[in-house]
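What follows is the content of final_16.json, which has JSON, C-alpha atoms:
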[["chain", "number", "residue", "atom", "x", "y", "z"],
["A", 17, "MET", "CA", 36.15, -25.32, -80.14],
["A", 18, "LEU", "CA", 34.14, -28.52, -80.25],
["A", 19, "ASN", "CA", 36.78, -30.21, -78.16],
["A", 20, "LYS", "CA", 36.45, -27.51, -75.48],
["A", 21, "GLN", "CA", 32.71, -28.17, -75.23],
["A", 22, "ARG", "CA", 33.21, -31.94, -75.05],
["A", 23, "ARG", "CA", 35.60, -31.51, -72.14],
["A", 24, "ARG", "CA", 32.90, -29.60, -70.24],
["A", 25, "LEU", "CA", 30.21, -32.20, -71.07],
["A", 26, "THR", "CA", 30.49, -34.40, -68.03],
["A", 27, "TYR", "CA", 28.13, -36.82, -66.40],
["A", 28, "ALA", "CA", 27.45, -34.30, -63.62],
["A", 29, "ASN", "CA", 26.60, -31.54, -66.11],
["A", 30, "VAL", "CA", 24.20, -33.79, -68.04],
["A", 31, "MET", "CA", 22.45, -34.98, -64.85],
["A", 32, "SER", "CA", 22.09, -31.46, -63.45],
["A", 33, "THR", "CA", 20.59, -30.27, -66.75],
["A", 34, "ILE", "CA", 18.09, -33.14, -66.72],
["A", 35, "ALA", "CA", 17.23, -32.35, -63.10],
["A", 36, "VAL", "CA", 16.57, -28.69, -63.91],
["A", 37, "PHE", "CA", 14.22, -29.67, -66.75],
["A", 38, "GLY", "CA", 12.52, -32.18, -64.52],
["A", 39, "VAL", "CA", 11.91, -29.63, -61.81],
["A", 40, "LEU", "CA", 10.65, -27.06, -64.28],
["A", 41, "ALA", "CA", 8.28, -29.46, -66.05],
["A", 42, "GLY", "CA", 7.19, -31.42, -62.99],
["A", 43, "GLY", "CA", 7.02, -28.37, -60.77],
["A", 44, "GLY", "CA", 4.53, -26.73, -63.13],
["A", 45, "ALA", "CA", 2.34, -29.81, -63.08],
["A", 46, "TYR", "CA", 2.65, -30.00, -59.30],
["A", 47, "ALA", "CA", 1.72, -26.31, -58.94],
["A", 48, "ALA", "CA", -1.20, -26.69, -61.33],
["A", 49, "SER", "CA", -2.55, -29.59, -59.29],
["A", 50, "LYS", "CA", -2.41, -27.48, -56.12],
["A", 51, "ILE", "CA", -4.27, -24.39, -57.38],
["A", 52, "GLY", "CA", -7.53, -23.92, -55.57],
["A", 53, "THR", "CA", -10.34, -21.38, -55.46],
["A", 54, "ASN", "CA", -8.28, -19.14, -53.17],
["A", 55, "GLN", "CA", -5.64, -18.68, -55.88],
["A", 56, "ILE", "CA", -8.08, -17.80, -58.70],
["A", 57, "LYS", "CA", -9.44, -14.27, -58.94],
["A", 58, "ASN", "CA", -13.18, -13.76, -59.44],
["A", 59, "GLY", "CA", -14.04, -13.69, -63.13],
["A", 60, "ALA", "CA", -10.63, -15.09, -64.18],
["A", 61, "VAL", "CA", -12.09, -18.32, -65.60],
["A", 62, "THR", "CA", -14.59, -17.66, -68.39],
["A", 63, "PRO", "CA", -16.31, -20.01, -70.86],
["A", 64, "LYS", "CA", -14.03, -18.74, -73.66],
["A", 65, "LYS", "CA", -10.93, -19.73, -71.66],
["A", 66, "LEU", "CA", -12.10, -23.33, -71.17],
["A", 67, "ALA", "CA", -11.24, -25.97, -73.76],
["A", 68, "ASP", "CA", -14.09, -27.91, -75.36],
["A", 69, "ALA", "CA", -15.27, -30.70, -73.04],
["A", 70, "ALA", "CA", -12.97, -29.47, -70.24],
["A", 71, "VAL", "CA", -15.88, -29.54, -67.82],
["A", 72, "THR", "CA", -18.06, -32.64, -67.97],
["A", 73, "THR", "CA", -20.70, -34.01, -65.63],
["A", 74, "PRO", "CA", -18.43, -36.70, -64.10],
["A", 75, "LYS", "CA", -15.86, -34.00, -63.25],
["A", 76, "ILE", "CA", -18.35, -31.89, -61.26],
["A", 77, "LYS", "CA", -18.81, -32.70, -57.58],
["A", 78, "ASN", "CA", -22.32, -32.81, -56.15],
["A", 79, "ALA", "CA", -23.57, -29.30, -55.33],
["A", 80, "ALA", "CA", -20.41, -27.75, -56.88],
["A", 81, "VAL", "CA", -22.41, -25.61, -59.28],
["A", 82, "LYS", "CA", -24.42, -22.96, -57.48],
["A", 83, "GLY", "CA", -27.03, -20.53, -58.73],
["A", 84, "GLY", "CA", -28.24, -22.77, -61.54],
["A", 85, "LYS", "CA", -31.44, -23.89, -59.87],
["A", 86, "LEU", "CA", -34.66, -24.20, -61.81],
["A", 87, "ALA", "CA", -37.64, -22.23, -60.64],
["A", 88, "PRO", "CA", -40.18, -24.45, -58.90],
["A", 89, "PRO", "CA", -43.21, -25.33, -61.02],
["A", 90, "GLU", "CA", -46.03, -22.87, -60.63],
["A", 91, "GLN", "CA", -49.43, -23.84, -59.29],
["A", 92, "TRP", "CA", -52.29, -24.73, -61.63],
["A", 93, "HIS", "CA", -54.28, -21.76, -62.91],
["A", 94, "GLU", "CA", -57.87, -22.98, -62.52],
["A", 95, "ILE", "CA", -60.25, -21.68, -65.19],
["A", 96, "GLY", "CA", -62.92, -19.48, -63.61],
["A", 97, "ASP", "CA", -61.05, -18.82, -60.35],
["A", 98, "ALA", "CA", -60.54, -15.21, -59.27],
["A", 99, "GLY", "CA", -57.90, -13.53, -61.45],
["A", 100, "GLU", "CA", -57.82, -16.45, -63.92],
["A", 101, "PRO", "CA", -59.34, -16.79, -67.42],
["A", 102, "GLU", "CA", -63.06, -17.43, -67.57],
["A", 103, "PHE", "CA", -64.92, -20.08, -69.56],
["A", 104, "GLU", "CA", -66.50, -18.69, -72.75],
["A", 105, "ASN", "CA", -69.40, -19.71, -75.02],
["A", 106, "ALA", "CA", -71.24, -21.92, -72.50],
["A", 107, "TRP", "CA", -68.21, -24.10, -71.79],
["A", 108, "GLU", "CA", -67.76, -25.28, -68.18],
["A", 109, "ASN", "CA", -66.09, -27.97, -66.09],
["A", 110, "TYR", "CA", -67.63, -31.41, -66.66],
["A", 111, "THR", "CA", -69.89, -32.14, -63.68],
["A", 112, "ALA", "CA", -72.12, -35.01, -64.91],
["A", 113, "GLN", "CA", -69.90, -37.51, -63.10],
["A", 114, "PRO", "CA", -67.96, -36.75, -59.90],
["A", 115, "ASN", "CA", -64.20, -36.82, -59.52],
["A", 116, "PHE", "CA", -63.18, -35.44, -62.93],
["A", 117, "VAL", "CA", -60.29, -32.99, -62.96],
["A", 118, "THR", "CA", -61.26, -29.33, -63.47],
["A", 119, "ALA", "CA", -59.85, -27.24, -66.34],
["A", 120, "GLY", "CA", -56.58, -25.45, -65.76],
["A", 121, "PHE", "CA", -53.07, -24.77, -67.03],
["A", 122, "TYR", "CA", -49.55, -24.05, -65.81],
["A", 123, "LYS", "CA", -46.10, -23.47, -67.30],
["A", 124, "ASP", "CA", -43.16, -25.56, -66.11],
["A", 125, "PRO", "CA", -39.58, -24.26, -65.63],
["A", 126, "TRP", "CA", -38.71, -25.19, -69.25],
["A", 127, "GLY", "CA", -41.52, -23.07, -70.73],
["A", 128, "ILE", "CA", -43.85, -25.99, -71.50],
["A", 129, "VAL", "CA", -47.55, -25.20, -70.98],
["A", 130, "HIS", "CA", -49.63, -28.06, -69.56],
["A", 131, "LEU", "CA", -53.42, -28.24, -69.80],
["A", 132, "LYS", "CA", -55.75, -30.39, -67.74],
["A", 133, "GLY", "CA", -59.39, -30.99, -67.07],
["A", 134, "MET", "CA", -62.62, -32.38, -68.41],
["A", 135, "ILE", "CA", -64.80, -29.70, -70.02],
["A", 136, "ASP", "CA", -68.37, -29.77, -71.32],
["A", 137, "GLY", "CA", -70.89, -27.56, -72.98],
["A", 138, "GLY", "CA", -70.09, -25.28, -75.88],
["A", 139, "ALA", "CA", -69.58, -26.06, -79.51],
["A", 140, "THR", "CA", -66.70, -25.27, -81.86],
["A", 141, "GLU", "CA", -66.16, -21.91, -80.25],
["A", 142, "THR", "CA", -63.56, -20.63, -77.79],
["A", 143, "VAL", "CA", -63.40, -22.55, -74.51],
["A", 144, "PHE", "CA", -61.15, -20.01, -72.77],
["A", 145, "THR", "CA", -58.24, -17.69, -73.62],
["A", 146, "LEU", "CA", -54.72, -18.22, -72.30],
["A", 147, "PRO", "CA", -52.80, -15.18, -70.98],
["A", 148, "PRO", "CA", -50.00, -13.88, -73.29],
["A", 149, "ALA", "CA", -47.13, -15.65, -71.47],
["A", 150, "TYR", "CA", -48.84, -19.03, -72.03],
["A", 151, "ARG", "CA", -49.53, -18.77, -75.76],
["A", 152, "PRO", "CA", -47.80, -20.43, -78.71],
["A", 153, "SER", "CA", -46.33, -18.11, -81.36],
["A", 154, "LYS", "CA", -48.30, -19.91, -84.11],
["A", 155, "ASN", "CA", -51.57, -21.85, -84.19],
["A", 156, "LEU", "CA", -51.32, -25.46, -83.01],
["A", 157, "ILE", "CA", -53.69, -28.35, -83.64],
["A", 158, "VAL", "CA", -53.53, -31.08, -80.99],
["A", 159, "PRO", "CA", -55.67, -34.20, -80.51],
["A", 160, "ILE", "CA", -57.98, -34.32, -77.50],
["A", 161, "HIS", "CA", -60.16, -37.12, -76.23],
["A", 162, "ARG", "CA", -63.93, -36.90, -76.26],
["A", 163, "PHE", "CA", -66.37, -39.60, -75.17],
["A", 164, "SER", "CA", -67.18, -39.96, -78.88],
["A", 165, "GLY", "CA", -63.48, -40.48, -79.77],
["A", 166, "PHE", "CA", -60.59, -38.21, -80.63],
["A", 167, "ALA", "CA", -61.02, -34.74, -82.07],
["A", 168, "PRO", "CA", -58.70, -31.84, -82.90],
["A", 169, "LEU", "CA", -58.30, -28.84, -80.61],
["A", 170, "ILE", "CA", -56.81, -25.63, -81.97],
["A", 171, "VAL", "CA", -54.62, -23.56, -79.67],
["A", 172, "ARG", "CA", -54.27, -20.23, -81.43],
["A", 173, "ALA", "CA", -51.45, -17.71, -81.19],
["A", 174, "ASP", "CA", -53.99, -15.28, -79.70],
["A", 175, "GLY", "CA", -54.46, -17.71, -76.77],
["A", 176, "THR", "CA", -57.91, -19.01, -77.65],
["A", 177, "LEU", "CA", -58.61, -22.73, -77.37],
["A", 178, "ALA", "CA", -61.42, -24.25, -79.41],
["A", 179, "PRO", "CA", -62.40, -27.75, -80.54],
["A", 180, "LEU", "CA", -62.53, -27.91, -84.35],
["A", 181, "VAL", "CA", -65.48, -30.31, -84.51],
["A", 182, "GLY", "CA", -68.57, -31.12, -82.49],
["A", 183, "SER", "CA", -69.83, -30.04, -79.12],
["A", 184, "GLY", "CA", -70.05, -31.63, -75.70],
["A", 185, "ASN", "CA", -67.38, -32.99, -73.41],
["A", 186, "ALA", "CA", -63.65, -33.04, -74.06],
["A", 187, "SER", "CA", -60.52, -33.79, -72.06],
["A", 188, "LEU", "CA", -57.62, -31.35, -72.03],
["A", 189, "ASP", "CA", -55.49, -33.80, -70.02],
["A", 190, "GLY", "CA", -52.07, -34.35, -71.53],
["A", 191, "VAL", "CA", -52.11, -31.36, -73.91],
["A", 192, "THR", "CA", -48.68, -29.70, -73.82],
["A", 193, "PHE", "CA", -46.82, -27.18, -75.96],
["A", 194, "ARG", "CA", -43.94, -24.74, -75.59],
["A", 195, "ALA", "CA", -44.98, -21.15, -74.92],
["A", 196, "GLY", "CA", -43.75, -18.71, -77.55],
["A", 197, "GLU", "CA", -42.92, -21.39, -80.12]]
Taking this structure as input, can you express it in the form of structure tokens?
Amino acid sequence: MLNKQRRRLTYANVMSTIAVFGVLAGGGAYAASKIGTNQIKNGAVTPKKLADAAVTTPKIKNAAVKGGKLAPPEQWHEIGDAGEPEFENAWENYTAQPNFVTAGFYKDPWGIVHLKGMIDGGATETVFTLPPAYRPSKNLIVPIHRFSGFAPLIVRADGTLAPLVGSGNASLDGVTFRAGE
């Protein structure tokens, strides 16, 4: 029986078998390289179906990913403006010298709250109260600059801001924290 098979094993049979395997293997690679968006059904490719690191930044063409835009930063909420929080406990914008930034806040697209402004007046009592969407989940103590040096400011989970020591002017410039954390 082995002799019968050897008689059929010719150069032509071996080469045709190799050619068939080549077409099958190479043809699949060729077809895979030619698949475009028209051949893929909506929802067919999901994150679970992609191998780890299958999609990396260098592999993505400019503007290829749509719908992932960040919201533009919101405008500053100026303390004391209509519809915005009011100053409390005799605090106000610093007006003794011109050209100082007024007190305000905004939240960027990543959920970071930014404070600004030079304030003056009150003592170790609430300066103003942040709306719920702009509050940390726990009390924070952050350093602020005063003309007399640095001092701590507490930003409470209830939204109130208050210097922990002294009275007089203070700068809120550069104070940042993540809302809800």
Find the residues with any atom within 7 Å of (-64.1, -20.9, -81.6); use all atoms listed in the file and the coordinates as given in the file, and write the answer as a PyMOL selection string. chain A and resi 140-142+178
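Proximity of A:Ile56, A:Ala149, A:Ile95, A:Ala173 to Gly127 of chain A, computed with all atoms listed in the file, is greatest for A:Ala149.
Between atom CA of Phe103 of chain A and atom CA of Leu156 of chain A the separation is 19.9 Å.
Using all atoms listed in the file, the smallest distance between any of A:Asp124, A:Asp136, A:Asp174, A:Asp97 and Phe193 of chain A comes from A:Asp124.
Atom CA of Glu102 of chain A sits 7.7 Å away from atom CA of Thr145 of chain A.
Nearest residue to Pro89 of chain A, choosing from A:Gly196, A:Gly133, A:Pro125, A:Gly184 and counting all atoms listed in the file: A:Pro125.
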Quick one: everything within 8 Å of His161 of chain A, counting only C-alpha atoms, minus sequence neighbours fewer than 5 positions away in the same chain. Send it as a count of residues only. 5
Can you tell me, as a PyMOL selection string, what residues are no more than 9 Å from Thr111 of chain A when counting only C-alpha atoms, ignoring any on the same chain fewer than 3 positions away? chain A and resi 108+114-116+134-136
Judged by only C-alpha atoms, the minimum distance to Pro168 of chain A among A:Val191, A:Lys123, A:Ala60, A:Tyr150 is found for A:Val191
Name the closest residue to Gly165 of chain A among the candidates A:Ala112, A:Ala67, A:Val117, A:Val181; distances are taken between atoms, counting all atoms listed in the file. A:Val181
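Proximity ranking of A:Asn185, A:Ser164, A:Thr176, A:Asn58 relative to Tyr110 of chain A places A:Asn185 first, based on all atoms listed in the file.
Atom pair atom CA of Gly120 of chain A / atom CA of Val171 of chain A has a distance of 14.2 Å (rounded to one decimal).
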